[in-house]
Each structure stands twice: as structure tokens, then as C-alpha cells.
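Enquirer: Got model.txt for you, compact mmCIF, C-alpha atoms:
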# COMPACT_ATOMS: atom_id res chain seq x y z
CA MET A 16 -6.66 -26.23 -0.32
CA ARG A 17 -8.46 -23.58 1.65
CA TRP A 18 -8.49 -19.92 0.85
CA MET A 19 -6.01 -20.09 -1.99
CA TRP A 20 -7.35 -18.05 -4.84
CA ILE A 21 -4.49 -18.67 -7.22
CA ASP A 22 -3.57 -22.05 -8.69
CA ALA A 23 -0.03 -21.46 -9.95
CA VAL A 24 2.59 -18.78 -10.38
CA THR A 25 3.50 -18.52 -14.07
CA ALA A 26 6.09 -15.73 -14.07
CA PHE A 27 8.28 -14.19 -11.41
CA GLU A 28 10.80 -11.36 -11.64
CA PRO A 29 12.04 -10.99 -8.03
CA GLY A 30 11.43 -7.54 -6.60
CA HIS A 31 9.40 -6.45 -9.63
CA ARG A 32 6.63 -8.63 -10.95
CA MET A 33 4.63 -11.79 -10.39
CA VAL A 34 2.00 -13.40 -12.59
CA ALA A 35 -0.40 -16.06 -11.33
CA VAL A 36 -3.36 -17.91 -12.81
CA LYS A 37 -6.57 -19.33 -11.50
CA ASN A 38 -8.88 -21.77 -13.23
CA VAL A 39 -12.51 -21.20 -12.39
CA SER A 40 -14.37 -24.46 -11.87
CA LEU A 41 -17.98 -25.43 -11.26
CA ALA A 42 -16.68 -27.75 -8.52
CA GLU A 43 -16.12 -24.66 -6.35
CA ASP A 44 -18.94 -24.46 -3.84
CA HIS A 45 -19.14 -20.70 -3.68
CA LEU A 46 -20.14 -20.45 -7.36
CA HIS A 47 -23.40 -22.22 -6.62
CA GLN A 48 -24.41 -19.45 -4.26
CA HIS A 49 -23.09 -16.67 -6.46
CA PHE A 50 -25.53 -16.94 -8.09
CA PRO A 51 -27.96 -19.91 -8.08
CA GLY A 52 -28.37 -20.93 -11.72
CA ARG A 53 -25.93 -18.28 -12.91
CA PRO A 54 -22.44 -18.94 -11.55
CA ILE A 55 -20.08 -15.97 -11.70
CA MET A 56 -16.67 -15.66 -10.03
CA PRO A 57 -17.14 -13.02 -7.27
CA GLY A 58 -15.20 -9.82 -7.84
CA SER A 59 -14.15 -9.75 -4.18
CA LEU A 60 -12.40 -13.11 -4.62
CA MET A 61 -10.62 -11.85 -7.73
CA ILE A 62 -9.31 -8.99 -5.63
CA GLU A 63 -8.19 -11.57 -3.05
CA GLY A 64 -6.46 -13.51 -5.85
CA PHE A 65 -4.65 -10.38 -6.93
CA ALA A 66 -3.73 -9.69 -3.28
CA GLN A 67 -2.26 -13.17 -2.90
CA THR A 68 -0.21 -12.73 -6.07
CA ALA A 69 1.04 -9.27 -5.09
CA GLY A 70 1.49 -10.34 -1.46
CA ILE A 71 3.78 -13.24 -2.41
CA LEU A 72 5.72 -10.89 -4.69
CA VAL A 73 6.20 -8.39 -1.82
CA GLY A 74 6.98 -11.16 0.70
CA ALA A 75 9.57 -12.75 -1.58
CA THR A 76 11.46 -9.45 -1.73
CA GLU A 77 12.53 -9.91 1.90
CA GLY A 78 12.82 -13.70 1.76
CA PHE A 79 9.39 -14.09 3.45
CA ARG A 80 10.81 -12.79 6.73
CA GLU A 81 8.42 -9.82 6.92
CA LYS A 82 4.76 -10.31 7.72
CA VAL A 83 3.08 -8.78 4.70
CA ILE A 84 -0.52 -7.71 5.26
CA LEU A 85 -2.97 -6.25 2.75
CA ALA A 86 -3.52 -2.78 4.15
CA LYS A 87 -5.39 -0.87 1.48
CA ILE A 88 -7.15 -1.37 -1.82
CA ALA A 89 -6.55 2.05 -3.33
CA ARG A 90 -8.41 1.21 -6.52
CA ALA A 91 -10.03 -1.85 -8.06
CA THR A 92 -12.12 -2.07 -11.20
CA ILE A 93 -13.52 -5.25 -12.72
CA GLU A 94 -15.50 -4.66 -15.87
CA GLN A 95 -16.51 -8.11 -17.07
CA ASP A 96 -17.73 -11.38 -15.56
CA VAL A 97 -15.70 -14.57 -15.29
CA VAL A 98 -17.62 -17.86 -15.45
CA PRO A 99 -16.71 -21.53 -14.88
CA GLY A 100 -14.40 -22.92 -17.57
CA GLN A 101 -12.58 -19.63 -17.93
CA CYS A 102 -9.18 -18.78 -16.56
CA ILE A 103 -8.06 -15.66 -14.67
CA ARG A 104 -4.58 -14.15 -14.77
CA TYR A 105 -3.24 -11.71 -12.18
CA ASP A 106 -0.25 -9.63 -13.24
CA ALA A 107 1.15 -7.67 -10.26
CA SER A 108 4.09 -5.26 -10.08
CA ILE A 109 5.75 -3.44 -7.20
CA GLU A 110 5.57 0.32 -7.61
CA ARG A 111 7.55 1.19 -4.49
CA ILE A 112 8.73 -0.69 -1.44
CA ASP A 113 10.43 0.37 1.79
CA SER A 114 10.77 -0.93 5.32
CA ALA A 115 7.20 0.12 6.25
CA GLY A 116 5.40 -1.40 3.28
CA ALA A 117 4.86 -1.59 -0.45
CA SER A 118 2.55 -0.26 -3.12
CA THR A 119 1.62 -2.54 -5.98
CA ARG A 120 -0.49 -2.33 -9.10
CA GLY A 121 -1.53 -4.58 -11.91
CA THR A 122 -4.17 -6.11 -14.10
CA ILE A 123 -6.74 -8.88 -14.05
CA GLU A 124 -7.21 -10.75 -17.32
CA ARG A 125 -9.60 -13.46 -18.47
CA MET A 126 -9.15 -16.26 -20.98
CA ASP A 127 -11.91 -18.27 -22.61
CA HIS A 128 -10.71 -21.61 -23.96
CA ARG A 129 -12.90 -21.26 -27.07
CA ASP A 130 -10.68 -18.55 -28.49
CA GLY A 131 -7.65 -18.78 -26.18
CA ALA A 132 -7.24 -15.00 -26.07
CA TRP A 133 -6.41 -13.09 -22.85
CA VAL A 134 -8.61 -10.03 -22.35
CA ARG A 135 -7.95 -7.38 -19.72
CA ILE A 136 -11.01 -7.08 -17.50
CA GLY A 137 -9.72 -5.16 -14.50
CA GLU A 138 -7.08 -3.04 -12.80
CA VAL A 139 -5.97 -2.95 -9.18
CA GLU A 140 -3.83 -0.71 -6.97
CA MET A 141 -3.02 -2.14 -3.57
CA MET A 142 -0.86 -1.34 -0.52
CA PHE A 143 0.79 -3.84 1.77
CA SER A 144 2.12 -3.17 5.24
CA HIS A 145 5.10 -4.83 6.84
CA ILE A 146 3.22 -5.09 10.12
CA ASP A 147 6.21 -5.47 12.38
CA GLN A 148 7.16 -1.96 11.24
CA ASN A 149 3.73 -0.47 11.93
CA ARG A 150 3.47 3.18 12.91
CA ALA A 151 1.65 2.39 16.14
CA GLY A 152 4.54 0.22 17.36
CA VAL A 153 2.19 -2.72 18.05
CA ALA A 154 4.00 -6.05 18.52
CA PHE A 155 2.82 -9.12 16.58
CA PRO A 156 3.64 -12.79 17.21
CA GLU A 157 7.12 -13.96 16.22
CA GLU A 158 5.80 -16.64 13.94
CA ASN A 159 5.21 -15.56 10.37
CA PHE A 160 1.53 -16.47 10.19
CA VAL A 161 1.14 -14.88 6.77
CA PHE A 162 3.24 -17.16 4.64
CA GLY A 163 2.15 -20.58 5.80
CA GLU A 164 2.03 -24.00 4.21
CA ASN A 165 -0.45 -23.04 1.48
CA PHE A 166 1.88 -20.42 0.07
CA ARG A 167 4.82 -22.78 0.25
CA ALA A 168 2.85 -25.42 -1.64
CA ILE A 169 1.95 -22.98 -4.42
CA LEU A 170 5.55 -21.88 -4.83
CA GLN A 171 6.80 -25.46 -4.75
CA ALA A 172 4.23 -26.57 -7.33
CA SER A 173 5.26 -23.63 -9.51
CA GLY A 174 8.92 -24.62 -9.33
CA LEU A 175 9.79 -21.53 -7.26
CA ASP A 176 10.72 -23.16 -3.96
CA ARG A 177 14.28 -21.90 -4.29
CA PHE A 178 12.91 -18.51 -3.23
CA LEU A 179 11.51 -19.86 0.02
CA ALA A 180 13.50 -19.07 3.15
CA LYS A 181 14.85 -22.11 4.96
CA GLU A 182 12.85 -21.19 8.06
CA PRO A 183 9.82 -19.32 6.75
CA HIS A 184 8.04 -19.29 10.11
CA GLY A 185 10.68 -17.56 12.19
CA ARG A 186 12.44 -14.24 11.90
CA MET B 15 13.17 26.27 -13.68
CA PRO B 16 11.62 25.41 -10.29
CA MET B 17 8.04 24.24 -10.23
CA ALA B 18 5.57 27.08 -9.58
CA ARG B 19 3.37 27.03 -6.48
CA PRO B 20 0.06 26.46 -8.35
CA GLU B 21 1.58 23.45 -10.06
CA ILE B 22 2.71 22.03 -6.71
CA GLU B 23 -0.74 22.68 -5.26
CA SER B 24 -2.46 20.83 -8.06
CA GLY B 25 0.02 17.94 -7.77
CA VAL B 26 -0.64 17.60 -4.03
CA ARG B 27 -4.39 17.81 -4.63
CA GLU B 28 -4.16 15.06 -7.24
CA VAL B 29 -2.16 12.84 -4.86
CA LEU B 30 -4.67 13.31 -2.01
CA CYS B 31 -7.67 12.69 -4.27
CA ASP B 32 -6.13 9.42 -5.50
CA ALA B 33 -4.84 8.27 -2.11
CA LEU B 34 -7.88 9.17 -0.02
CA GLY B 35 -10.70 9.07 -2.56
CA VAL B 36 -11.80 12.60 -1.65
CA ASP B 37 -13.27 15.30 -3.92
CA ALA B 38 -10.83 17.88 -5.25
CA ASP B 39 -13.11 20.59 -3.78
CA ASP B 40 -12.45 19.27 -0.26
CA VAL B 41 -8.67 19.50 -0.65
CA VAL B 42 -8.28 23.09 0.58
CA PRO B 43 -5.05 24.31 2.22
CA ALA B 44 -6.51 24.32 5.75
CA ALA B 45 -7.97 20.79 5.50
CA ARG B 46 -6.43 18.39 8.03
CA ILE B 47 -5.21 15.14 6.49
CA LYS B 48 -6.69 12.97 9.24
CA SER B 49 -9.72 14.76 10.69
CA ASP B 50 -11.01 16.44 7.53
CA LEU B 51 -9.85 14.10 4.76
CA GLY B 52 -10.09 10.84 6.73
CA ALA B 53 -6.54 9.51 6.37
CA GLU B 54 -5.72 6.31 8.27
CA SER B 55 -2.27 5.04 9.12
CA ILE B 56 -1.52 3.19 5.84
CA ASP B 57 -2.65 6.29 3.92
CA TYR B 58 0.41 8.19 5.13
CA LEU B 59 2.67 5.69 3.40
CA ASP B 60 0.46 5.79 0.31
CA ILE B 61 0.61 9.62 0.26
CA MET B 62 4.40 9.48 0.63
CA PHE B 63 4.84 7.03 -2.26
CA ARG B 64 2.45 9.00 -4.49
CA LEU B 65 4.19 12.31 -3.76
CA GLU B 66 7.49 10.70 -4.73
CA LYS B 67 6.05 9.48 -8.00
CA ARG B 68 4.20 12.70 -8.79
CA PHE B 69 7.18 15.01 -8.23
CA THR B 70 9.99 12.87 -9.62
CA THR B 71 11.23 14.21 -12.94
CA PRO B 72 13.51 12.52 -15.50
CA ASP B 73 16.47 14.57 -14.26
CA ARG B 74 15.65 14.63 -10.54
CA PRO B 75 14.34 11.93 -8.24
CA PHE B 76 12.00 13.01 -5.45
CA LYS B 77 12.69 10.60 -2.58
CA ILE B 78 11.20 11.01 0.87
CA ALA B 79 13.09 9.46 3.78
CA GLN B 80 11.18 7.83 6.63
CA GLY B 81 10.27 10.41 9.25
CA GLU B 82 10.94 13.31 6.88
CA LEU B 83 7.31 14.08 6.12
CA PHE B 84 5.54 12.71 9.21
CA PRO B 85 7.17 12.26 12.66
CA GLU B 86 7.69 8.50 12.78
CA ASN B 87 9.57 6.67 15.55
CA MET B 88 10.26 9.93 17.32
CA LEU B 89 7.25 9.72 19.64
CA SER B 90 8.56 6.71 21.52
CA ASP B 91 11.66 8.65 22.64
CA PRO B 92 11.18 9.57 26.37
CA THR B 93 13.32 12.71 26.07
CA LEU B 94 10.98 14.05 23.40
CA VAL B 95 7.64 12.97 24.86
CA GLU B 96 6.82 12.86 28.57
CA ASN B 97 3.43 11.87 30.01
CA GLY B 98 1.79 12.22 26.64
CA LYS B 99 3.14 15.75 26.11
CA VAL B 100 5.93 16.85 23.82
CA THR B 101 8.87 18.22 25.84
CA ASP B 102 10.80 21.44 25.09
CA LYS B 103 13.45 19.36 23.40
CA GLY B 104 10.72 17.52 21.49
CA MET B 105 9.29 20.81 20.21
CA THR B 106 12.74 21.91 19.04
CA VAL B 107 13.27 18.61 17.22
CA LEU B 108 9.80 18.73 15.64
CA LYS B 109 10.31 22.27 14.34
CA GLU B 110 13.78 21.44 13.09
CA ARG B 111 12.79 18.27 11.29
CA MET B 112 9.45 19.51 10.05
CA PRO B 113 9.70 23.13 9.01
CA HIS B 114 6.78 22.51 6.64
CA VAL B 115 4.37 22.18 9.59
CA ASP B 116 2.76 25.02 11.50
CA PHE B 117 2.98 24.01 15.18
CA SER B 118 1.61 27.28 16.63
CA THR B 119 -1.78 25.84 17.72
CA PHE B 120 -0.33 22.49 18.77
CA GLU B 121 2.29 24.14 20.93
CA LYS B 122 -0.38 25.50 23.30
CA ASP B 123 -1.13 22.09 24.84
CA ARG B 124 1.53 19.83 23.24
CA ASN B 125 -0.69 16.78 23.63
CA VAL B 126 0.79 14.03 21.42
CA ALA B 127 -2.70 12.78 20.61
CA ASN B 128 -3.32 16.06 18.78
CA LEU B 129 -0.13 15.98 16.74
CA SER B 130 -1.84 14.58 13.66
CA GLU B 131 -4.11 17.66 13.64
CA THR B 132 -1.12 19.73 12.56
CA PHE B 133 -0.81 17.92 9.21
CA THR B 134 -2.78 19.90 6.71
CA VAL B 135 -2.89 20.12 2.94
CA LYS B 136 -0.86 23.30 3.31
CA SER B 137 1.90 21.50 5.20
CA LEU B 138 2.22 18.97 2.37
CA ILE B 139 2.41 21.77 -0.19
CA GLU B 140 5.10 23.52 1.87
CA PHE B 141 6.98 20.23 2.23
CA VAL B 142 7.09 19.65 -1.52
CA GLU B 143 7.99 23.27 -2.24
CA ARG B 144 10.91 23.26 0.23
CA LYS B 145 12.16 19.92 -0.96
CA LEU B 146 12.10 20.95 -4.62
CA LYS B 147 14.05 24.11 -3.77
CA ALA B 148 16.67 22.31 -1.68
Can the structure in the file be given as C-alpha cells, please?

Expert:
Amino acid sequence: MRWMWIDAVTAFEPGHRMVAVKNVSLAEDHLHQHFPGRPIMPGSLMIEGFAQTAGILVGATEGFREKVILAKIARATIEQDVVPGQCIRYDASIERIDSAGASTRGTIERMDHRDGAWVRIGEVEMMFSHIDQNRAGVAFPEENFVFGENFRAILQASGLDRFLAKEPHGR
Amino acid sequence: MPMARPEIESGVREVLCDALGVDADDVVPAARIKSDLGAESIDYLDIMFRLEKRFTTPDRPFKIAQGELFPENMLSDPTLVENGKVTDKGMTVLKERMPHVDFSTFEKDRNVANLSETFTVKSLIEFVERKLKA
């Protein structure tokens, strides 16, 4: 599945918090370029994984009717590497949400199967915009291009499809 | 006891440093949020949310309504803006809704494109101070 940087949602408190995990695997092509002979999960893709987790959380708040776009990474720190065989956990919470957008924050953790312990390796603060409510008054297509099939599949596989709107593509 | 002005100033400075990633030394009262401190559109929402958080106390929430701090939605109203210039009525509404902003320079040409220039660090400080007193 393309451009999905989370594998499953493991906890969901609607309107407040979402937790998702990603297993890092040597079968992922990008790890062979980053870096040859020394595969490390890119920090930028961990930020994308956090954004997908927080973005689904924000989108679910309005039944996936709003187009939720990552608008700002206010802060992101990642202090340790993640390598193939390890697992990443994104724990995102909504700080504040209104009709224009939402601010979220949370942590990135890593688990090594040899000891099974989760260790916090990063922190993120991120803003999302409800782009149909943008300040410039720009109109976007009717179809909700943000929450497509990939997101539906993740939620379904995680047993959360009851939160999906019946018609996720329209408004 | 109401919050003292220096405390409000340092709170606003903290919010702008966190939201815009600027140095505390650059956050002087006359600094313009957009031109001097580099704020982009999403930053206004970020600033609003952070001000709410920074100035909310256990016994008093600090909630900012949409359009209370910055003039949202109002600029698409044809009675308030005509040919890119704010009308007389528009000026009255702006001053009424945003007493924390000094419109004296803006009023000379009333060009909507220059409206963001009126939002300075000082106007945010005044906004918080008025709102805490209300």
C-alpha cells in the first residue's frame, strides 16, 4: 500500500487521542537507500507517520467530512535511530480544534523485540488546517481527496470502520 | 488580581517565539507579525491557540472567538471593502471589533493588502490585556 506510514491503529479515543504503530522492515525499498549498508528509518517519514496518525484523529472528529491538511510542523525532535526489526509507535492528542483547524501534539516511541520495552525517542507538535475553511477563501474540489481508500483500509483493518462516514468522499 | 503588563508581555513573547521560531530579542512591541516575524496564514491560528493556552488559568478560561483577534471573513463583505479599499463603514467596524489594533497608518490609504501590516506585537499585548480586564 503506497504512502501509508502506519500499519495499524492500536488505540482511539474520539476527539482526543489516537495511537498507531509501524513495523520497520528490510523489505521496504527506501531503507536500502537510507543508507546503503546501514538502513535507518528516515526521520522525515516518522514525522509523516505521526501526521497520518494525528490527521486521522482530527478527521474522525468531524466524521471525515472536512479535508484535513498538514499545515505546520511547529516542533519535531527525534533523538534516536530506528532500524529494521524495530517497531514505532505514534501517540497523538488534539490540543485544540475549531472550524479552521486543529493543533496536535504527541510522542514517537520505539520498541526493540529483544527487550520488548517502548522507549520515547521523539516529540512532535503539528497543526492541521480544515482547508475548506481557509483564510484566503480558496475553493477546493468537492471530493474529499484526503481520506481515500488507504485510510479506510487502515481503519477497517484496525476494527475502527464504525467511525467511517457512509460517504467519505462527498460532503 | 489582574495580570500585570510585564507578565502579559512575556507571555505574548513566549507564544510568538514558540509559534514562529523567532528569537525573543526580535519580539519587540513594534514588530509586525507578518513582515517582521514572518507569520504565514496557519501561524495566525497557531498564535490564537497558544494565546488561549498561555493565558487560561484554573479559574478562568481564555477563549478567543473566530474573527476576534484577526479580521477573518469580514474582508469578503462588499459593504466593508470596495475595490480593494476598506470603506468608511469598514473602518468603523474594524475599529469597533479590534480596539487592540492601531489603524492610524493604515487609515491613510486603506488598502486591504496592507491590513496585515497593522498587526504588531503591541496589538497582541493590548488584545490580551483588554480581554483579561473584560

Enquirer: Counting all atoms listed in the file, a student should be able to say which residues of chain B come within 7 Å of chain A; what is the right answer, written as a ChimeraX atom specification?

Expert: /B:33,56,63,86

Enquirer: Please dump the current selection as a compact mmCIF listing (two decimals), in the frame of the given file; keep C-alpha atoms.

Expert:
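The file below, out03.txt, is the result:
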# COMPACT_ATOMS: atom_id res chain seq x y z
CA ALA B 33 -4.84 8.27 -2.11
CA ILE B 56 -1.52 3.19 5.84
CA PHE B 63 4.84 7.03 -2.26
CA GLU B 86 7.69 8.50 12.78

Enquirer: Fewer than 6 positions away in the same chain doesn't count, so skip those; otherwise give me all residues within 10 Å of region 123-125 of chain A, counting all atoms listed in the file, as a VMD selection string.

Expert: chain A and resid 34 to 38 61 to 62 64 to 65 91 to 98 101 to 107 131 to 139

Enquirer: Scan for residues within 8 Å of the point (0.9, 15.2, -10.0) in the coordinates of the file, using only C-alpha atoms, and reply as a PyMOL selection string.

Expert: chain B and resi 22+24-29+65+67-69

Enquirer: Rounded to one decimal place, report the CA of Val107 (chain B)-CA of Thr132 (chain B) distance in Å.

Expert: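 One can read the CA of Val107 (chain B) to CA of Thr132 (chain B) distance as 15.2 Å.
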
Enquirer: Got a sec: who's within 10 Å of region 133-139 of chain B, counting all atoms listed in the file, leaving out chain neighbours fewer than 4 positions off, as number ranges by chain?

Expert: B: 19-20, 22-27, 30, 41-51, 61-62, 65, 83-84, 112-117, 129, 143-145

Enquirer: Residues at most 8 Å from Leu179 (chain A), counting all atoms listed in the file, excluding those fewer than 5 positions away in the same chain, as a PyMOL selection string?

Expert: chain A and resi 75+78-79+167+170

Enquirer: Keeping only C-alpha atoms, write the selected residues to a file as a tab-separated table (two decimals), in the coordinates of the input.

Expert:
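What follows is the written file result34.tsv:
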chain	number	residue	atom	x	y	z
A	75	ALA	CA	9.57	-12.75	-1.58
A	78	GLY	CA	12.82	-13.70	1.76
A	79	PHE	CA	9.39	-14.09	3.45
A	167	ARG	CA	4.82	-22.78	0.25
A	170	LEU	CA	5.55	-21.88	-4.83

Enquirer: Mind pulling up the distance from CA of Glu66 (chain B) to CA of Glu82 (chain B)?

Expert: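 Between CA of Glu82 (chain B) and CA of Glu66 (chain B) the gap works out to 12.4 Å.
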